[in-house]
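What follows is one structure encoded as structure tokens, with my remarks underneath.
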Amino acid sequence: MEHRNKRIFYFSPTGSCRAFARGIAMPDDGLSDLTSPDSRAKIPSFSPSDECAFFFPVYNGRIPDACAAFLGKCRGNGARAFLFCVYGGAHKGKSLSEGAELLRERAFIPIGGGFLPAPHAYTKHIKNAVTQERISKLAAFLRGECAGTVIPIADRAPNTQIQKRMKPLTGKCRLNSEKCLSCGKCREICPVAAIGNAFRADKNCILCGACVSVCPTRARKLSLTPFTTLFLKLNCKERKDEFYTFPR
């Protein structure tokens, strides 16, 4: 059997994608955290001997703009690729099929992937903990021990401006300046460098919830629009791990 270099990449502002990625990683696997802007500025090289697994969250039914922009700079050179879309309460949308098309455009060979539900930054009642049992099923799929349903690849890659366009319908990241300690933790963790010296989120904010999760005084919160609240309520129902393969 041909030896392949296992490489795992994840973008994880609130930890769910990181938990899946680290859960399947073996000591010899390459593990890359793409969450910070600096990490995404370093474009790796790939070869046909590589087998990659990408773990990205789902925002507004798509993979994050930052992840699409990163992949758009890569050149797969025939590397095999799996894409896993980790979603919370919102709908999965076209994240998997569009992400696969982007991989194909960038000269990766999309093999398969799936949807993995996880705790949601906006809805506390959504649990879906990343358990060892789920990690084992995911690892078995990657080893080819269980088949996935065939899913078509989209006709077009994701629009890298989708989150900015949808943000007015989603909500805002608000700051209570009276509670703010100016500790800078929110600025350090922001995956798109959207928090300035006044610790308020600017137009680049992707509403990921990372800054809310690290604020020691709960000075930050995500204020959702009625549209988003209703959308989450309608879609936060039964959720399960789903594995798919892409047509060759």
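Chain lettering (A, B, ...) mirrors the order of the structure tokens, residue numbering begins at 1 for each chain separately, and ligand numbering begins at 1 in order of display.
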
> DSSP on the backbone: what in segment 59-234 of chain A comes out strand (DSSP E or B), as a ChimeraX atom specification?
Replying inline: /A:59,62,80-87,109-117,149-150,171-175,195,201,220-224

>> Applying 7 Å and only C-alpha atoms, which residues near Asn77 of chain A remain after dropping the ones on its own chain fewer than 2 positions away? List them as a PyMOL selection string.
In response: chain A and resi 46-48+75+79+107-108

>> For Val130 of chain A, find every residue with an atom within 7 Å (counting only C-alpha atoms), except residues of its own chain fewer than 3 positions away, and show them as a ChimeraX atom specification.
In response: /A:19-20,118,134

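Nearest to Cys17 of chain A of all the residues A:Thr35, A:Ser95, A:Asn5, A:Ser223 is A:Thr35, based on only C-alpha atoms.
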
Segment 30-54 of chain A near segment 175-195 of chain A within 12 Å: what's each residue's closest atom pair and its distance in Å to one decimal, counting only C-alpha atoms, ordered by chain then ascending residue number, as JSON lines?
```
{"residue": "A:Asp33", "atom": "CA", "partner": "A:Pro191", "partner_atom": "CA", "distance": 11.0}
{"residue": "A:Leu34", "atom": "CA", "partner": "A:Pro191", "partner_atom": "CA", "distance": 8.7}
{"residue": "A:Thr35", "atom": "CA", "partner": "A:Pro191", "partner_atom": "CA", "distance": 5.4}
{"residue": "A:Ser36", "atom": "CA", "partner": "A:Pro191", "partner_atom": "CA", "distance": 4.7}
{"residue": "A:Pro37", "atom": "CA", "partner": "A:Val192", "partner_atom": "CA", "distance": 5.9}
{"residue": "A:Asp38", "atom": "CA", "partner": "A:Pro191", "partner_atom": "CA", "distance": 9.3}
{"residue": "A:Ser39", "atom": "CA", "partner": "A:Pro191", "partner_atom": "CA", "distance": 9.8}
{"residue": "A:Arg40", "atom": "CA", "partner": "A:Pro191", "partner_atom": "CA", "distance": 9.8}
{"residue": "A:Ala41", "atom": "CA", "partner": "A:Val192", "partner_atom": "CA", "distance": 11.6}
```

Go ahead and write the residues just picked, N, CA and C atoms, as a short mmCIF file (atom, residue, chain, number, x, y, z; two decimals), in the first residue's frame.
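Saved the output as selection-v3.cif:
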```cif
data_model
loop_
_atom_site.label_atom_id
_atom_site.label_comp_id
_atom_site.auth_asym_id
_atom_site.auth_seq_id
_atom_site.Cartn_x
_atom_site.Cartn_y
_atom_site.Cartn_z
N ASP A 33 -2.95 24.45 12.90
CA ASP A 33 -4.04 25.30 13.38
C ASP A 33 -4.10 26.54 12.49
N LEU A 34 -5.21 26.72 11.77
CA LEU A 34 -5.38 27.85 10.85
C LEU A 34 -6.22 28.97 11.44
N THR A 35 -6.43 28.96 12.74
CA THR A 35 -7.37 29.91 13.34
C THR A 35 -6.85 31.35 13.34
N SER A 36 -5.58 31.56 13.56
CA SER A 36 -5.07 32.93 13.62
C SER A 36 -4.73 33.46 12.23
N PRO A 37 -4.81 34.77 12.03
CA PRO A 37 -4.45 35.35 10.73
C PRO A 37 -3.01 35.02 10.32
N ASP A 38 -2.09 35.01 11.27
CA ASP A 38 -0.69 34.73 10.96
C ASP A 38 -0.51 33.31 10.43
N SER A 39 -1.26 32.35 11.00
CA SER A 39 -1.12 30.96 10.57
C SER A 39 -1.63 30.77 9.14
N ARG A 40 -2.67 31.51 8.77
CA ARG A 40 -3.22 31.39 7.41
C ARG A 40 -2.38 32.12 6.38
N ALA A 41 -1.48 32.99 6.84
CA ALA A 41 -0.61 33.71 5.91
C ALA A 41 0.51 32.81 5.38
#
```
